[in-house]
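coords16.csv, holding CSV, C-alpha atoms:
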chain,number,residue,atom,x,y,z
A,578,MET,CA,-5.9,69.2,91.7
A,579,LYS,CA,-2.2,69.7,91.9
A,580,THR,CA,-1.7,72.2,94.7
A,581,ILE,CA,-2.8,72.3,98.4
A,582,ASN,CA,-4.6,75.6,97.7
A,583,GLU,CA,-6.7,73.9,95.1
A,584,VAL,CA,-7.5,71.2,97.7
A,585,LEU,CA,-8.6,73.9,100.2
A,586,ILE,CA,-10.9,75.6,97.6
A,587,ARG,CA,-12.6,72.2,97.0
A,588,MET,CA,-12.8,71.5,100.7
A,589,ASP,CA,-14.5,74.9,101.2
A,590,GLN,CA,-17.0,73.9,98.6
A,591,ILE,CA,-17.7,70.5,100.3
A,592,VAL,CA,-18.1,72.2,103.7
A,593,ALA,CA,-20.6,74.7,102.2
A,594,ASP,CA,-22.5,71.9,100.4
A,595,CYS,CA,-22.8,69.9,103.6
A,596,LYS,CA,-24.1,72.9,105.5
A,597,ALA,CA,-26.7,73.7,102.9
A,598,GLN,CA,-27.8,70.1,102.8
A,599,GLN,CA,-27.5,69.5,106.5
A,600,SER,CA,-25.2,66.6,105.8
A,601,ARG,CA,-23.2,65.1,108.6
A,602,ILE,CA,-20.4,64.3,106.2
A,603,GLY,CA,-19.6,67.9,107.0
A,604,TYR,CA,-18.3,67.0,110.5
A,605,PHE,CA,-15.3,65.1,109.0
A,606,ALA,CA,-14.9,67.7,106.2
A,607,ILE,CA,-14.5,70.5,108.8
A,608,LEU,CA,-11.9,68.6,110.7
A,609,TYR,CA,-10.0,67.5,107.6
A,610,ARG,CA,-10.0,71.0,106.1
A,611,GLN,CA,-8.3,72.2,109.3
A,612,VAL,CA,-5.7,69.4,109.0
A,613,THR,CA,-5.1,70.6,105.4
A,614,ARG,CA,-4.7,74.2,106.5
A,615,ARG,CA,-2.2,73.1,109.2
A,616,VAL,CA,-0.2,71.1,106.6
A,617,ARG,CA,-0.2,74.1,104.2
A,618,ASP,CA,1.1,76.4,107.0
A,619,GLY,CA,3.7,73.8,107.9
A,620,ILE,CA,4.9,73.6,104.3
A,621,LEU,CA,5.2,77.4,104.1
A,622,ALA,CA,7.1,77.4,107.4
A,623,GLY,CA,9.4,74.7,106.1
A,624,GLU,CA,8.5,72.3,108.9
A,625,PHE,CA,8.7,69.0,107.0
A,626,GLU,CA,11.7,67.0,105.9
A,627,ASP,CA,10.8,67.6,102.2
A,628,ASN,CA,8.2,70.3,101.9
A,629,PRO,CA,7.5,70.1,98.1
A,630,ARG,CA,7.0,66.3,98.5
A,631,MET,CA,4.7,66.9,101.4
A,632,GLU,CA,2.5,69.0,99.2
A,633,VAL,CA,2.3,66.1,96.7
A,634,LEU,CA,1.4,63.7,99.5
A,635,ASP,CA,-1.2,66.0,100.9
A,636,VAL,CA,-2.9,66.5,97.5
A,637,LEU,CA,-2.9,62.8,96.8
A,638,PHE,CA,-4.2,62.1,100.2
A,639,ALA,CA,-7.0,64.7,100.1
A,640,LYS,CA,-8.0,63.6,96.6
A,641,ARG,CA,-8.9,60.1,97.9
A,642,PHE,CA,-11.5,61.7,100.2
A,643,ILE,CA,-12.7,64.2,97.6
A,644,ASP,CA,-13.0,61.6,94.9
A,645,ALA,CA,-14.9,59.2,97.2
A,646,TYR,CA,-17.3,62.0,98.2
A,647,GLU,CA,-17.9,63.0,94.6
A,648,LEU,CA,-18.4,59.4,93.6
A,649,TRP,CA,-20.9,58.8,96.4
A,650,ILE,CA,-23.0,62.0,95.8
A,651,SER,CA,-23.2,61.2,92.0
A,652,GLY,CA,-24.7,57.8,92.9
A,653,GLY,CA,-21.5,55.8,92.4
A,654,LYS,CA,-19.9,53.3,94.8
A,655,PRO,CA,-16.7,54.3,96.6
A,656,THR,CA,-14.6,52.0,98.7
A,657,GLU,CA,-16.7,50.1,101.3
A,658,SER,CA,-15.0,52.0,104.1
A,659,TRP,CA,-16.1,55.3,102.7
A,660,ARG,CA,-19.5,54.0,101.7
A,661,LEU,CA,-20.3,53.0,105.3
A,662,ALA,CA,-19.1,56.4,106.6
A,663,PHE,CA,-21.2,58.2,104.0
A,664,GLU,CA,-24.3,56.1,104.6
A,665,ALA,CA,-23.9,56.5,108.4
A,666,SER,CA,-24.1,60.3,107.9
A,667,LYS,CA,-27.8,59.9,107.1
A,668,ASN,CA,-28.4,58.6,110.7
A,669,SER,CA,-29.2,61.3,113.3
A,670,GLY,CA,-28.8,58.7,116.0
A,671,ASN,CA,-25.0,58.5,115.5
A,672,LEU,CA,-22.8,60.6,117.6
A,673,VAL,CA,-20.7,63.5,116.2
A,674,LEU,CA,-17.6,61.6,117.3
A,675,GLN,CA,-18.8,58.5,115.5
A,676,HIS,CA,-19.0,60.4,112.2
A,677,LEU,CA,-15.5,61.9,112.8
A,678,PHE,CA,-14.0,58.5,113.5
A,679,LEU,CA,-15.7,56.9,110.5
A,680,GLY,CA,-14.1,59.4,108.3
A,681,ILE,CA,-10.7,59.1,110.0
A,682,ASN,CA,-11.0,55.3,109.8
A,683,ALA,CA,-11.4,55.3,106.0
A,684,HIS,CA,-8.9,58.1,105.4
A,685,ILE,CA,-6.1,57.0,107.7
A,686,ASN,CA,-6.4,53.2,107.7
A,687,LEU,CA,-7.0,52.9,103.9
A,688,ASP,CA,-6.2,56.1,102.0
A,689,LEU,CA,-3.0,57.3,103.7
A,690,GLY,CA,-0.9,54.3,102.9
A,691,ILE,CA,-2.0,54.4,99.3
A,692,ALA,CA,-1.2,58.1,99.1
A,693,ALA,CA,2.2,57.6,100.7
A,694,SER,CA,3.1,54.9,98.2
A,695,GLU,CA,1.9,56.9,95.2
A,696,THR,CA,4.0,59.9,96.4
A,697,MET,CA,7.1,57.6,96.5
A,698,LEU,CA,6.4,55.9,93.2
A,699,GLY,CA,9.6,54.2,92.1
A,700,LYS,CA,11.4,55.2,95.3
A,701,ASP,CA,12.2,53.7,98.7
A,702,LEU,CA,9.1,54.2,100.8
A,703,ALA,CA,11.1,54.5,104.0
A,704,GLY,CA,12.2,58.0,102.9
A,705,ILE,CA,8.8,59.4,103.6
A,706,GLN,CA,8.2,57.8,107.0
A,707,GLY,CA,9.1,61.0,109.0
A,708,ASP,CA,6.7,63.2,107.1
A,709,PHE,CA,4.1,60.4,107.1
A,710,ASN,CA,4.2,60.5,110.9
A,711,LYS,CA,4.0,64.3,111.0
A,712,ILE,CA,0.8,64.5,109.1
A,713,ASN,CA,-0.7,61.9,111.5
A,714,SER,CA,0.5,64.0,114.4
A,715,VAL,CA,-1.4,67.0,113.1
A,716,LEU,CA,-4.6,64.9,112.8
A,717,ALA,CA,-4.1,63.4,116.3
A,718,GLU,CA,-3.6,66.8,117.8
A,719,LEU,CA,-6.9,68.1,116.3
A,720,VAL,CA,-8.8,64.9,117.2
A,721,ASP,CA,-7.6,65.0,120.8
A,722,GLY,CA,-8.6,68.7,121.0
A,723,VAL,CA,-12.0,68.0,119.6
A,724,LYS,CA,-12.5,65.1,122.1
A,725,THR,CA,-11.5,67.4,125.0
A,726,ASN,CA,-13.9,70.0,123.9
A,727,ILE,CA,-16.7,67.8,122.6
A,728,SER,CA,-19.0,68.9,125.4
A,729,THR,CA,-19.7,72.0,123.3
A,730,VAL,CA,-21.8,69.9,120.9
A,731,SER,CA,-22.3,66.7,123.0
A,732,PRO,CA,-23.0,67.8,126.6
A,733,ILE,CA,-23.1,64.4,128.2
A,734,PHE,CA,-20.5,62.5,126.1
A,735,GLY,CA,-18.4,62.2,129.2
A,736,TRP,CA,-20.9,59.5,130.4
A,737,LEU,CA,-19.5,57.1,127.9
A,738,VAL,CA,-15.8,57.4,128.9
A,739,PRO,CA,-15.9,55.3,132.1
A,740,LEU,CA,-17.5,52.5,130.1
A,741,ALA,CA,-14.4,52.1,128.0
A,742,LYS,CA,-12.3,50.9,131.0
A,743,GLY,CA,-11.2,47.3,130.6
A,744,LYS,CA,-13.2,46.9,127.4
A,745,ASP,CA,-12.2,46.4,123.8
A,746,GLU,CA,-14.6,49.0,122.6
A,747,MET,CA,-13.8,50.4,119.2
A,748,LEU,CA,-15.8,53.6,119.6
A,749,LEU,CA,-14.2,54.7,122.8
A,750,ASN,CA,-10.7,53.3,122.3
A,751,PHE,CA,-10.2,54.5,118.8
A,752,SER,CA,-6.5,55.5,118.5
A,753,ILE,CA,-4.9,57.7,115.8
A,754,GLN,CA,-1.5,56.3,116.8
A,755,ILE,CA,-2.6,52.7,116.3
A,756,ALA,CA,-4.3,53.7,113.0
A,757,ARG,CA,-1.1,55.4,111.9
A,758,ASP,CA,1.1,52.4,112.7
A,759,GLY,CA,-1.3,50.1,110.8
A,760,ALA,CA,-1.4,52.5,107.9
A,761,TRP,CA,2.4,52.6,107.6
A,762,LYS,CA,2.6,48.8,107.6
A,763,TYR,CA,-0.1,48.7,104.9
A,764,ALA,CA,1.8,51.4,102.9
A,765,GLY,CA,4.8,49.0,102.7
A,766,GLU,CA,2.6,46.1,101.6
A,767,TYR,CA,0.8,48.2,99.0
A,768,HIS,CA,4.1,49.7,97.8
A,769,ALA,CA,5.7,46.2,97.3
A,770,ASP,CA,2.8,44.5,95.6
A,771,LEU,CA,2.3,44.8,91.9
A,772,ASP,CA,-1.4,43.9,92.2
A,773,LYS,CA,-2.6,47.3,93.6
A,774,ASP,CA,-6.3,46.5,93.0
A,775,PHE,CA,-6.0,43.4,95.2
A,776,GLN,CA,-4.3,45.3,98.0
A,777,ILE,CA,-7.0,48.0,98.0
A,778,LYS,CA,-9.9,45.5,98.0
A,779,ASP,CA,-8.3,43.3,100.7
A,780,ARG,CA,-7.5,46.3,103.0
A,781,ASP,CA,-10.8,47.9,102.3
A,782,SER,CA,-12.6,44.7,103.4
A,783,ASN,CA,-10.7,44.7,106.7
A,784,ILE,CA,-11.2,48.4,107.4
A,785,SER,CA,-14.9,48.3,106.6
A,786,LYS,CA,-15.2,45.8,109.4
A,787,LEU,CA,-13.8,48.4,111.8
A,788,ALA,CA,-16.3,50.9,110.4
A,789,SER,CA,-19.1,48.5,111.3
A,790,LYS,CA,-17.8,48.3,114.8
A,791,LEU,CA,-17.8,52.0,115.1
A,792,ILE,CA,-21.4,52.2,113.8
A,793,ASN,CA,-22.7,49.3,115.8
A,794,PRO,CA,-21.2,49.2,119.3
A,795,GLY,CA,-22.2,46.5,121.8
A,796,LYS,CA,-25.9,46.4,123.0
A,797,PHE,CA,-25.3,48.1,126.3
A,798,LEU,CA,-23.2,50.9,124.8
A,799,ALA,CA,-25.6,51.3,121.9
A,800,PHE,CA,-28.3,52.2,124.5
A,801,ILE,CA,-26.0,54.8,126.1
A,802,VAL,CA,-25.1,56.2,122.7
A,803,LYS,CA,-28.8,56.8,122.1
A,804,ILE,CA,-29.1,58.8,125.3
A,805,VAL,CA,-25.9,60.8,124.5
A,806,ALA,CA,-27.1,61.4,120.9
A,807,PHE,CA,-30.4,62.7,122.1
A,808,ALA,CA,-28.6,65.5,124.0
A,809,GLU,CA,-26.4,66.5,121.1
A,810,TRP,CA,-27.2,69.5,119.0
A,811,LYS,CA,-29.7,68.7,116.3
A,812,SER,CA,-28.7,71.4,113.8
A,813,VAL,CA,-26.0,69.9,111.5
A,814,SER,CA,-24.9,73.4,110.3
A,815,SER,CA,-24.6,74.7,113.9
A,816,THR,CA,-22.6,71.7,115.0
A,817,MET,CA,-20.3,72.2,112.0
A,818,ASP,CA,-19.8,75.8,113.0
A,819,GLN,CA,-19.0,74.9,116.5
A,820,LEU,CA,-16.6,72.1,115.4
A,821,ASP,CA,-14.9,74.7,113.1
A,822,VAL,CA,-14.4,77.1,116.1
A,823,VAL,CA,-13.0,74.3,118.2
A,824,ALA,CA,-10.7,73.0,115.5
A,825,GLN,CA,-9.3,76.5,114.7
A,826,LYS,CA,-8.5,77.1,118.4
A,827,ILE,CA,-6.4,73.9,118.8
Spit out the file's structure as structure tokens when you get a sec.
Amino acid sequence: MKTINEVLIRMDQIVADCKAQQSRIGYFAILYRQVTRRVRDGILAGEFEDNPRMEVLDVLFAKRFIDAYELWISGGKPTESWRLAFEASKNSGNLVLQHLFLGINAHINLDLGIAASETMLGKDLAGIQGDFNKINSVLAELVDGVKTNISTVSPIFGWLVPLAKGKDEMLLNFSIQIARDGAWKYAGEYHADLDKDFQIKDRDSNISKLASKLINPGKFLAFIVKIVAFAEWKSVSSTMDQLDVVAQKI
């Protein structure tokens, strides 16, 4: 894949496959497809500092998710951060928002820094920081909109929110901004280190620990999650359709 339109064609195929297979990976795929559409529209409107370069970044970024997905469904082993997200998709007891955050965790905290560095290969990484932040802003806007409208697929999710007050609870306090800032710091470390494999393995080890916290909240919250999950829509394809409606309205 070399163009954003090729990425969108593949994303459409992944969404269709997830619907057909009732795979909860489709929740993240729906959201990320809309992010990609927004970036494409922004490129066409000339919204970025360097629009041709943004297409390169977007393709490299998307390819990391697509490659991880294809590796997993073929029986291979992607990064641990993605493996945990994909394995969690088999569990009907996880919340829609958990599935979304697991995908975002792997894609922002690990993949984005790598994609940014690869886009600026042989160049000063600082030159892309503005557009790096813009792609995160698109994602943050969509995630905030989904959270605001999550009641359409998770009627009693609001019960969880008061429990986050004063607690270091990963599931409820997950922040795109914090993820973005960490991703930019990592991009600099990855860009400067000649041992790219070590950088990926080390970062993946840390980010997979965050994934585990998203999957396994504290005992009390885990009990509440079960109650909330029980009230969520059971049809994966119907939930995907509703998420798509919400995402396209934001």
Practice problem: Pick out the residues sitting within 9 Å of range 630-645 of chain A, and hand them over as a ChimeraX atom specification; count only C-alpha atoms, and ignore anything fewer than 2 positions along from it in its own chain. | Solution: /A:578-581,583-584,587-588,591,609,613,616-617,620,625-628,647-650,653-656,659-660,680,683-684,688-693,695-697,705,708-709,712
Quiz item: CA of Val823 in chain A and CA of Lys724 in chain A are how many Å apart?
Solution: 10.0 Å
Quiz item: Interatomic distance between CA of Gln590 in chain A and CA of Ile602 in chain A?
Solution: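 So the two atoms, CA of Gln590 in chain A and CA of Ile602 in chain A, lie 12.7 Å apart.
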Quiz item: Which distance in Å separates CA of Phe678 in chain A and CA of Leu608 in chain A, to one decimal?
Solution: 10.7 Å
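Taking only C-alpha atoms into account, Gln819 in chain A lies nearest to A:Ile727 out of the set A:Ser600, A:Ala593, A:Ile727, A:Gly759.
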Self-check item: Option closest in space to Leu661 in chain A, from A:Leu621, A:Leu719, A:Ile607, A:Leu679 [counting all atoms listed in the file]
Solution: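 The answer is A:Leu679, which sits nearest to Leu661 in chain A.
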Self-check item: Among listed residues A:Ala606, A:Ala597, A:Ile586, A:Ile827, nearest Gly722 in chain A (using all atoms listed in the file)
Solution: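 So, comparing all the options, the nearest one is A:Ile827.
Excluding Ala808 in chain A itself and same-chain residues fewer than 6 positions from it, the residues having an atom within 8 Å of it are A:Ser731, A:Pro732, A:Ile733, counting only C-alpha atoms.
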Quiz item: Which residue out of A:Glu624, A:Gln598, A:Tyr646, A:His676 has the minimum interatomic distance to Ser789 in chain A when all atoms listed in the file are used?
Solution: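 Counting all atoms listed in the file, the residue closest to Ser789 in chain A is A:His676.
Using only C-alpha atoms for every distance, the candidate list A:Ser658, A:Leu687, A:Lys826, A:Gln611 yields A:Leu687 as the residue closest to Tyr767 in chain A.
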